$ cat structure-v6.txt   # compact mmCIF, C-alpha atoms (C1' of nucleotides)
# COMPACT_ATOMS: atom_id res chain seq x y z
CA MET A 1 -36.37 -48.76 -0.04
CA LYS A 2 -33.10 -47.53 1.45
CA ARG A 3 -30.39 -50.17 1.63
CA ASN A 4 -27.41 -50.25 3.94
CA THR A 5 -24.19 -50.58 2.05
CA TRP A 6 -20.65 -50.55 3.36
CA GLN A 7 -20.00 -47.60 1.06
CA ARG A 8 -22.54 -45.41 2.78
CA SER A 9 -21.29 -46.20 6.26
CA ALA A 10 -17.69 -45.77 5.12
CA VAL A 11 -18.49 -42.26 3.92
CA ARG A 12 -20.26 -41.41 7.13
CA THR A 13 -17.39 -42.72 9.23
CA ALA A 14 -14.80 -40.90 7.17
CA LEU A 15 -16.76 -37.69 7.51
CA ASP A 16 -17.06 -38.15 11.26
CA ASP A 17 -13.29 -38.41 11.45
CA GLN A 18 -12.81 -35.01 9.92
CA GLU A 19 -12.36 -31.97 12.12
CA ALA A 20 -12.75 -29.59 9.22
CA PHE A 21 -15.06 -29.09 6.29
CA VAL A 22 -13.89 -31.31 3.44
CA SER A 23 -14.75 -31.66 -0.21
CA ALA A 24 -16.14 -34.79 -1.81
CA GLN A 25 -12.88 -35.12 -3.71
CA GLN A 26 -10.79 -35.01 -0.54
CA LEU A 27 -13.01 -37.54 1.17
CA HIS A 28 -12.83 -39.84 -1.82
CA LEU A 29 -9.03 -39.64 -1.79
CA GLN A 30 -8.97 -40.42 1.91
CA LEU A 31 -11.26 -43.40 1.47
CA ARG A 32 -9.04 -44.72 -1.29
CA LYS A 33 -5.98 -44.34 0.92
CA ASP A 34 -7.81 -46.32 3.56
CA GLY A 35 -7.88 -49.19 1.16
CA THR A 36 -11.47 -49.03 0.04
CA GLY A 37 -12.17 -49.11 -3.66
CA ILE A 38 -15.12 -46.79 -3.36
CA GLY A 39 -16.11 -44.83 -6.44
CA LEU A 40 -16.17 -41.07 -6.67
CA ALA A 41 -19.78 -40.86 -7.76
CA THR A 42 -20.77 -42.91 -4.75
CA VAL A 43 -19.07 -40.49 -2.40
CA TYR A 44 -20.95 -37.62 -4.00
CA ARG A 45 -24.22 -39.49 -3.66
CA ALA A 46 -23.61 -40.45 -0.05
CA LEU A 47 -22.71 -36.90 0.92
CA ALA A 48 -25.79 -35.50 -0.80
CA ASP A 49 -27.88 -38.02 1.13
CA LEU A 50 -26.31 -37.12 4.45
CA ALA A 51 -26.88 -33.45 3.78
CA SER A 52 -30.50 -34.00 2.81
CA ILE A 53 -31.34 -35.80 6.03
CA GLY A 54 -29.56 -33.18 8.09
CA GLU A 55 -26.64 -35.30 9.21
CA ALA A 56 -24.11 -33.19 7.39
CA ASP A 57 -23.68 -29.48 6.93
CA THR A 58 -22.55 -28.02 3.69
CA LEU A 59 -21.04 -24.77 2.57
CA GLN A 60 -19.28 -23.47 -0.50
CA SER A 61 -15.58 -22.77 -0.42
CA GLU A 62 -14.17 -19.53 -1.74
CA GLU A 63 -13.49 -21.35 -5.01
CA GLY A 64 -17.01 -22.63 -5.30
CA GLU A 65 -16.25 -26.18 -4.22
CA ALA A 66 -18.88 -27.83 -2.02
CA LEU A 67 -17.60 -28.70 1.44
CA TYR A 68 -19.18 -31.08 3.93
CA ARG A 69 -18.94 -31.70 7.64
CA ALA A 70 -20.67 -34.13 9.98
CA CYS A 71 -23.27 -32.46 12.18
CA SER A 72 -22.72 -33.10 15.86
CA THR A 73 -26.29 -32.08 16.53
CA GLY A 74 -29.52 -32.06 14.63
CA LYS A 75 -30.37 -28.64 15.97
CA HIS A 76 -29.93 -25.45 14.02
CA HIS A 77 -26.48 -24.02 14.61
CA HIS A 78 -23.72 -21.88 13.19
CA HIS A 79 -20.03 -22.35 12.51
CA LEU A 80 -16.81 -20.73 13.56
CA ILE A 81 -14.25 -21.77 10.99
CA CYS A 82 -10.48 -21.38 10.95
CA ARG A 83 -9.28 -19.86 7.70
CA GLU A 84 -5.92 -21.58 8.04
CA CYS A 85 -6.62 -25.16 9.01
CA GLY A 86 -10.38 -25.35 8.59
CA ALA A 87 -10.98 -26.47 12.17
CA THR A 88 -14.61 -25.81 12.96
CA VAL A 89 -16.58 -25.12 16.10
CA GLU A 90 -20.34 -25.38 16.15
CA PHE A 91 -22.34 -23.02 18.30
CA GLU A 92 -25.87 -21.83 18.85
CA ALA A 93 -26.97 -18.23 18.96
CA ASN A 94 -30.55 -17.59 19.84
CA ASP A 95 -30.14 -13.82 19.62
CA ILE A 96 -29.24 -14.20 15.99
CA GLU A 97 -32.32 -16.22 15.20
CA GLU A 98 -34.49 -13.48 16.68
CA TRP A 99 -32.49 -10.78 15.01
CA ALA A 100 -32.79 -12.39 11.57
CA LYS A 101 -36.55 -12.73 11.95
CA ARG A 102 -36.86 -9.10 12.97
CA VAL A 103 -34.74 -7.81 10.09
CA ALA A 104 -36.80 -9.83 7.63
CA ARG A 105 -40.10 -8.63 9.06
CA GLU A 106 -39.00 -5.00 9.03
CA HIS A 107 -38.48 -5.21 5.28
CA GLY A 108 -41.64 -7.15 4.54
CA PHE A 109 -39.90 -10.45 4.00
CA SER A 110 -41.53 -13.63 5.20
CA ASN A 111 -40.29 -17.14 5.84
CA PRO A 112 -36.77 -16.10 6.80
CA GLU A 113 -33.73 -18.31 6.85
CA HIS A 114 -30.20 -17.17 7.32
CA VAL A 115 -26.61 -18.01 6.68
CA VAL A 116 -24.40 -16.96 9.53
CA ASP A 117 -20.86 -18.22 9.66
CA VAL A 118 -17.82 -16.66 11.28
CA PHE A 119 -14.32 -17.11 9.91
CA GLY A 120 -11.13 -16.43 11.78
CA VAL A 121 -7.78 -17.89 12.73
CA CYS A 122 -7.89 -20.43 15.53
CA ALA A 123 -5.60 -20.31 18.55
CA LYS A 124 -3.43 -23.14 17.28
CA CYS A 125 -2.78 -21.51 13.93
CA SER A 126 -2.16 -18.11 15.51
CA LYS A 127 0.71 -19.58 17.52
CA LEU A 128 2.39 -21.01 14.44
CA LYS A 129 3.01 -17.54 13.04
CA MET B 1 -1.79 1.03 -15.68
CA LYS B 2 -5.58 0.59 -15.70
CA ARG B 3 -7.29 1.54 -18.91
CA ASN B 4 -10.88 2.59 -19.38
CA THR B 5 -12.65 0.49 -21.97
CA TRP B 6 -16.25 0.57 -23.05
CA GLN B 7 -16.44 -3.10 -22.04
CA ARG B 8 -15.67 -2.36 -18.44
CA SER B 9 -18.15 0.47 -18.17
CA ALA B 10 -20.77 -1.60 -19.97
CA VAL B 11 -20.41 -4.33 -17.38
CA ARG B 12 -20.62 -1.88 -14.54
CA THR B 13 -23.71 -0.24 -16.01
CA ALA B 14 -25.39 -3.56 -16.67
CA LEU B 15 -24.70 -4.64 -13.12
CA ASP B 16 -26.08 -1.38 -11.75
CA ASP B 17 -29.30 -2.05 -13.63
CA GLN B 18 -29.85 -5.33 -11.83
CA GLU B 19 -32.00 -5.46 -8.75
CA ALA B 20 -30.92 -9.00 -7.92
CA PHE B 21 -27.71 -10.95 -7.71
CA VAL B 22 -26.82 -12.18 -11.19
CA SER B 23 -24.29 -14.59 -12.62
CA ALA B 24 -21.58 -13.70 -15.08
CA GLN B 25 -23.37 -15.82 -17.65
CA GLN B 26 -26.66 -13.97 -17.21
CA LEU B 27 -24.95 -10.61 -17.42
CA HIS B 28 -23.11 -11.67 -20.54
CA LEU B 29 -26.38 -12.74 -22.15
CA GLN B 30 -27.97 -9.42 -21.22
CA LEU B 31 -25.09 -7.47 -22.66
CA ARG B 32 -25.34 -9.42 -25.88
CA LYS B 33 -29.05 -8.72 -26.09
CA ASP B 34 -28.24 -5.06 -25.64
CA GLY B 35 -26.34 -5.26 -28.87
CA THR B 36 -22.82 -5.27 -27.54
CA GLY B 37 -20.47 -7.92 -28.84
CA ILE B 38 -18.68 -8.25 -25.55
CA GLY B 39 -16.87 -11.51 -24.85
CA LEU B 40 -17.69 -13.84 -22.01
CA ALA B 41 -14.18 -13.87 -20.61
CA THR B 42 -14.23 -10.10 -20.49
CA VAL B 43 -17.39 -10.11 -18.42
CA TYR B 44 -15.77 -12.51 -15.98
CA ARG B 45 -12.70 -10.34 -15.76
CA ALA B 46 -14.65 -7.13 -15.28
CA LEU B 47 -16.76 -8.66 -12.52
CA ALA B 48 -13.70 -9.98 -10.75
CA ASP B 49 -12.20 -6.51 -10.91
CA LEU B 50 -15.31 -4.85 -9.53
CA ALA B 51 -15.42 -7.35 -6.71
CA SER B 52 -11.77 -6.87 -5.87
CA ILE B 53 -12.10 -3.09 -5.52
CA GLY B 54 -15.23 -3.47 -3.44
CA GLU B 55 -17.69 -2.13 -5.96
CA ALA B 56 -19.52 -5.41 -6.27
CA ASP B 57 -20.61 -8.01 -3.77
CA THR B 58 -20.41 -11.65 -4.52
CA LEU B 59 -22.00 -14.79 -3.17
CA GLN B 60 -22.39 -18.37 -4.27
CA SER B 61 -25.74 -19.65 -5.42
CA GLU B 62 -27.16 -22.90 -4.13
CA GLU B 63 -25.73 -24.57 -7.22
CA GLY B 64 -22.29 -23.15 -6.69
CA GLU B 65 -22.53 -20.47 -9.35
CA ALA B 66 -20.91 -17.14 -8.49
CA LEU B 67 -23.39 -14.28 -8.30
CA TYR B 68 -22.62 -10.57 -8.36
CA ARG B 69 -24.38 -7.40 -7.38
CA ALA B 70 -23.42 -3.74 -7.49
CA CYS B 71 -22.65 -2.33 -4.07
CA SER B 72 -24.63 0.76 -3.24
CA THR B 73 -22.16 1.62 -0.53
CA GLY B 74 -18.52 0.97 0.14
CA LYS B 75 -19.27 0.26 3.78
CA HIS B 76 -19.54 -3.21 5.23
CA HIS B 77 -23.10 -4.45 5.00
CA HIS B 78 -25.33 -7.48 4.80
CA HIS B 79 -28.05 -8.69 2.46
CA LEU B 80 -31.67 -9.60 2.71
CA ILE B 81 -32.41 -11.64 -0.38
CA CYS B 82 -35.71 -12.85 -1.82
CA ARG B 83 -35.62 -16.55 -2.55
CA GLU B 84 -38.23 -16.16 -5.29
CA CYS B 85 -37.16 -13.18 -7.34
CA GLY B 86 -33.72 -12.45 -5.97
CA ALA B 87 -34.56 -8.86 -5.04
CA THR B 88 -32.01 -7.71 -2.54
CA VAL B 89 -31.95 -5.15 0.24
CA GLU B 90 -28.69 -4.03 1.79
CA PHE B 91 -28.56 -3.20 5.46
CA GLU B 92 -26.10 -2.55 8.23
CA ALA B 93 -26.10 -4.25 11.60
CA ASN B 94 -23.58 -3.02 14.09
CA ASP B 95 -24.77 -5.46 16.76
CA ILE B 96 -23.80 -8.30 14.51
CA GLU B 97 -20.30 -6.99 13.99
CA GLU B 98 -19.81 -6.86 17.74
CA TRP B 99 -21.43 -10.22 18.23
CA ALA B 100 -19.21 -11.91 15.65
CA LYS B 101 -16.10 -10.48 17.27
CA ARG B 102 -17.20 -11.69 20.66
CA VAL B 103 -18.01 -15.21 19.50
CA ALA B 104 -14.63 -15.46 17.81
CA ARG B 105 -12.78 -14.18 20.86
CA GLU B 106 -14.60 -16.56 23.19
CA HIS B 107 -13.28 -19.49 21.18
CA GLY B 108 -9.76 -18.19 20.82
CA PHE B 109 -10.17 -17.16 17.20
CA SER B 110 -8.52 -14.00 15.97
CA ASN B 111 -9.01 -11.79 12.96
CA PRO B 112 -12.71 -12.53 12.56
CA GLU B 113 -14.76 -11.98 9.46
CA HIS B 114 -18.27 -13.15 8.93
CA VAL B 115 -20.84 -14.07 6.37
CA VAL B 116 -24.30 -13.00 7.41
CA ASP B 117 -27.06 -13.05 4.85
CA VAL B 118 -30.77 -13.46 5.37
CA PHE B 119 -33.01 -15.15 2.83
CA GLY B 120 -36.77 -14.87 2.71
CA VAL B 121 -39.70 -14.13 0.44
CA CYS B 122 -40.25 -10.47 -0.30
CA ALA B 123 -43.61 -8.74 0.03
CA LYS B 124 -44.17 -8.66 -3.72
CA CYS B 125 -43.61 -12.38 -4.16
CA SER B 126 -45.71 -13.22 -1.13
CA LYS B 127 -48.69 -11.53 -2.75
CA LEU B 128 -48.38 -13.55 -5.92
CA LYS B 129 -49.14 -16.78 -4.11
C1' DT C 1 -2.49 14.55 -34.80
C1' DC C 2 0.71 10.46 -34.90
C1' DA C 3 3.28 6.76 -33.70
C1' DC C 4 4.27 3.57 -29.98
C1' DT C 5 3.92 0.84 -25.94
C1' DT C 6 1.38 -2.48 -23.72
C1' DA C 7 -3.08 -3.38 -21.18
C1' DT C 8 -7.10 -5.40 -22.76
C1' DT C 9 -10.00 -8.03 -25.53
C1' DG C 10 -12.27 -12.19 -27.44
C1' DA C 11 -12.42 -16.67 -29.63
C1' DC C 12 -11.27 -20.92 -28.23
C1' DA C 13 -9.03 -24.54 -25.58
C1' DA C 14 -8.33 -26.39 -21.07
C1' DT C 15 -9.55 -27.31 -16.42
C1' DG C 16 -12.05 -29.21 -12.75
C1' DA C 17 -16.04 -30.18 -10.01
C1' DT C 18 -20.31 -32.31 -10.34
C1' DT C 19 -23.94 -35.09 -12.58
C1' DA C 20 -25.87 -38.51 -15.87
C1' DT C 21 -25.60 -43.09 -17.94
C1' DC C 22 -26.02 -47.84 -17.66
C1' DA C 23 -24.54 -52.53 -17.18
C1' DA C 24 -22.99 -55.27 -13.26
C1' DT C 25 -23.46 -56.07 -8.41
C1' DA C 26 -25.34 -56.93 -4.00
C1' DG C 27 -28.95 -55.83 -0.08
C1' DC C 28 -32.92 -57.82 1.74
C1' DG C 29 -37.53 -59.71 1.91
C1' DA C 30 -39.88 -64.01 0.82
C1' DT D 1 -31.47 -69.73 -1.55
C1' DC D 2 -34.13 -66.86 -5.11
C1' DG D 3 -35.51 -62.86 -7.21
C1' DC D 4 -36.31 -58.05 -7.38
C1' DT D 5 -34.38 -53.76 -7.66
C1' DA D 6 -31.61 -50.14 -5.21
C1' DT D 7 -26.95 -49.18 -5.47
C1' DT D 8 -22.51 -49.05 -7.28
C1' DG D 9 -18.63 -47.54 -10.22
C1' DA D 10 -16.33 -46.68 -14.58
C1' DT D 11 -16.84 -43.44 -17.76
C1' DA D 12 -18.92 -39.91 -20.52
C1' DA D 13 -21.27 -35.58 -20.41
C1' DT D 14 -22.11 -31.01 -18.55
C1' DC D 15 -21.10 -26.53 -17.29
C1' DA D 16 -18.96 -22.65 -14.99
C1' DT D 17 -14.72 -20.66 -14.88
C1' DT D 18 -9.89 -19.79 -16.20
C1' DG D 19 -5.81 -19.92 -19.35
C1' DT D 20 -3.84 -18.85 -23.96
C1' DC D 21 -2.40 -15.82 -27.35
C1' DA D 22 -2.70 -13.11 -31.46
C1' DA D 23 -5.18 -8.89 -32.63
C1' DT D 24 -6.86 -4.58 -31.02
C1' DA D 25 -7.10 -0.12 -28.93
C1' DA D 26 -6.23 3.22 -24.65
C1' DG D 27 -3.25 6.48 -23.16
C1' DT D 28 1.13 8.89 -23.50
C1' DG D 29 4.67 11.73 -25.26
C1' DA D 30 6.44 13.98 -29.33
$ encode --input "structure-v6.txt" --output "structure tokens"
Amino acid sequence: MKRNTWQRSAVRTALDDQEAFVSAQQLHLQLRKDGTGIGLATVYRALADLASIGEADTLQSEEGEALYRACSTGKHHHHLICRECGATVEFEANDIEEWAKRVAREHGFSNPEHVVDVFGVCAKCSKLK
Amino acid sequence: MKRNTWQRSAVRTALDDQEAFVSAQQLHLQLRKDGTGIGLATVYRALADLASIGEADTLQSEEGEALYRACSTGKHHHHLICRECGATVEFEANDIEEWAKRVAREHGFSNPEHVVDVFGVCAKCSKLK
DNA sequence: TCACTTATTGACAATGATTATCAATAGCGA
DNA sequence: TCGCTATTGATAATCATTGTCAATAAGTGA
């Protein structure tokens, strides 16, 4: 049976506070700074749990590090991510869903899923240049 | 100045022979089986080179491992990848390029790039079930 | 062809993220 | 409160990838 521990809710809260995608390591550091004595392995476990129940999104950084972000919605969505600061906007795109299905079908592929994320430089970071 | 070594061409050839995305480790193993005494670090270096000059595509596996595949074209393209066997089809999608630009602009993001890959089960693997 | 410069190689160590281990702790139902 | 066991956390283990550096070999000019 699933138990409610302060560690799990601390991880969820810390993730909710993040605007950008963050790594388990970063989140662990933040939680330590906040005065909690939470262990690294626990952060990894909590994040994996959140991802598995769909409350967190995950993607791999350029360097292969796993990054997490709290989902604002349970619905399927995509991300627009700032390359500079990591700020992320979630959005839906029904055309894309249809398009992906069509492309898959045309090539004889079934059971399609897709990874569609857009990277760019957000307005704030553009101004700083 | 860049030098041409048998190691580099061996890696390129081995990569060309692969239908699916493969890891550096897998390719190294294959090259060893083929009788070459090529070193692991060399395979990593050669793959990084190929990727940097646009002759190989790269993506991260579910487990965070870096996977490579020979590009059949130098043009921008996307992938349709079989979840079962890894078989990959390259395709272009001009609508998507436009769409990504528009989404980015609408949110004040500049300099957009995008990651668009579709996963599914190819016809061959579907039959095996 | 030959010597020479230096890019490249490869064995091995080092790094760094993630996962496994396992005894100690702490939810939660009774 | 008691007892069972899921969870935690310190630490070790794993594993892909990168750094190191002496030895090798590609390409160049004589």
$ closest_atom_pairs --input "structure-v6.txt" --of "region 7-113 of chain B" --to "region 5-14 of chain C" --cutoff "10 Å" --atoms "all atoms listed in the file" --output "Markdown table"
| residue | atom | partner | partner_atom | distance |
| --- | --- | --- | --- | --- |
| B:Gln7 | CA | C:DT9 | C1' | 8.8 |
| B:Gly37 | CA | C:DG10 | C1' | 9.4 |
| B:Ile38 | CA | C:DG10 | C1' | 7.8 |
| B:Gly39 | CA | C:DG10 | C1' | 5.3 |
| B:Leu40 | CA | C:DG10 | C1' | 7.8 |
| B:Ala41 | CA | C:DG10 | C1' | 7.3 |
| B:Thr42 | CA | C:DT9 | C1' | 6.9 |
$ interface_residues --input "structure-v6.txt" --of "chain B" --to "chain D" --cutoff "10 Å" --atoms "only C-alpha atoms (C1' of nucleotides)" --output "list in words"
Met1, Lys2, Arg3, Asn4, Thr5, Ser23, Ala24, Gln25, Ala41, Tyr44, Arg45, Gly64, Glu65 and Ala66 of chain B
$ closest_atom_pairs --input "structure-v6.txt" --of "chain B" --to "chain A" --cutoff "8 Å" --atoms "all atoms listed in the file" --output "Markdown table"
| residue | atom | partner | partner_atom | distance |
| --- | --- | --- | --- | --- |
| B:Gln60 | CA | A:Gly64 | CA | 6.9 |
| B:Gly64 | CA | A:Gly64 | CA | 5.5 |
| B:Glu65 | CA | A:Gly64 | CA | 7.2 |
| B:Ala66 | CA | A:Gly64 | CA | 7.5 |
| B:Leu80 | CA | A:Ala104 | CA | 7.1 |
| B:Cys82 | CA | A:Phe109 | CA | 7.6 |
| B:Ala100 | CA | A:Val118 | CA | 6.6 |
| B:Ala104 | CA | A:Gly120 | CA | 7.0 |
| B:His107 | CA | A:Cys122 | CA | 7.9 |
| B:Gly108 | CA | A:Ala123 | CA | 5.2 |
| B:Phe109 | CA | A:Cys122 | CA | 4.3 |
| B:Ser110 | CA | A:Val121 | CA | 5.1 |
| B:Asn111 | CA | A:Gly120 | CA | 5.2 |
| B:Pro112 | CA | A:Gly120 | CA | 4.3 |
| B:Glu113 | CA | A:Phe119 | CA | 5.2 |
| B:His114 | CA | A:Val118 | CA | 4.2 |
| B:Val115 | CA | A:Asp117 | CA | 5.3 |
| B:Val116 | CA | A:Val116 | CA | 4.5 |
| B:Asp117 | CA | A:Val115 | CA | 5.3 |
| B:Val118 | CA | A:His114 | CA | 4.2 |
| B:Phe119 | CA | A:Glu113 | CA | 5.2 |
| B:Gly120 | CA | A:Pro112 | CA | 4.3 |
| B:Val121 | CA | A:Phe109 | CA | 5.1 |
| B:Cys122 | CA | A:Phe109 | CA | 4.3 |
| B:Ala123 | CA | A:Gly108 | CA | 5.2 |
| B:Ser126 | CA | A:Ser110 | CA | 7.6 |
$ interface_residues --input "structure-v6.txt" --of "chain C" --to "chain A" --cutoff "12 Å" --atoms "all atoms listed in the file" --output "list in words"
DG16, DA17, DT18, DT19, DA20, DT21, DT25, DA26, DG27, DC28 and DG29 of chain C
$ atom_distance --input "structure-v6.txt" --atom1 "CA of Glu90 (chain B)" --atom2 "CA of Gly54 (chain A)"
29.8 Å
$ atom_distance --input "structure-v6.txt" --atom1 "CA of Arg12 (chain A)" --atom2 "CA of Leu31 (chain A)"
10.8 Å
$ atom_distance --input "structure-v6.txt" --atom1 "CA of Arg69 (chain A)" --atom2 "CA of Arg69 (chain B)"
29.1 Å
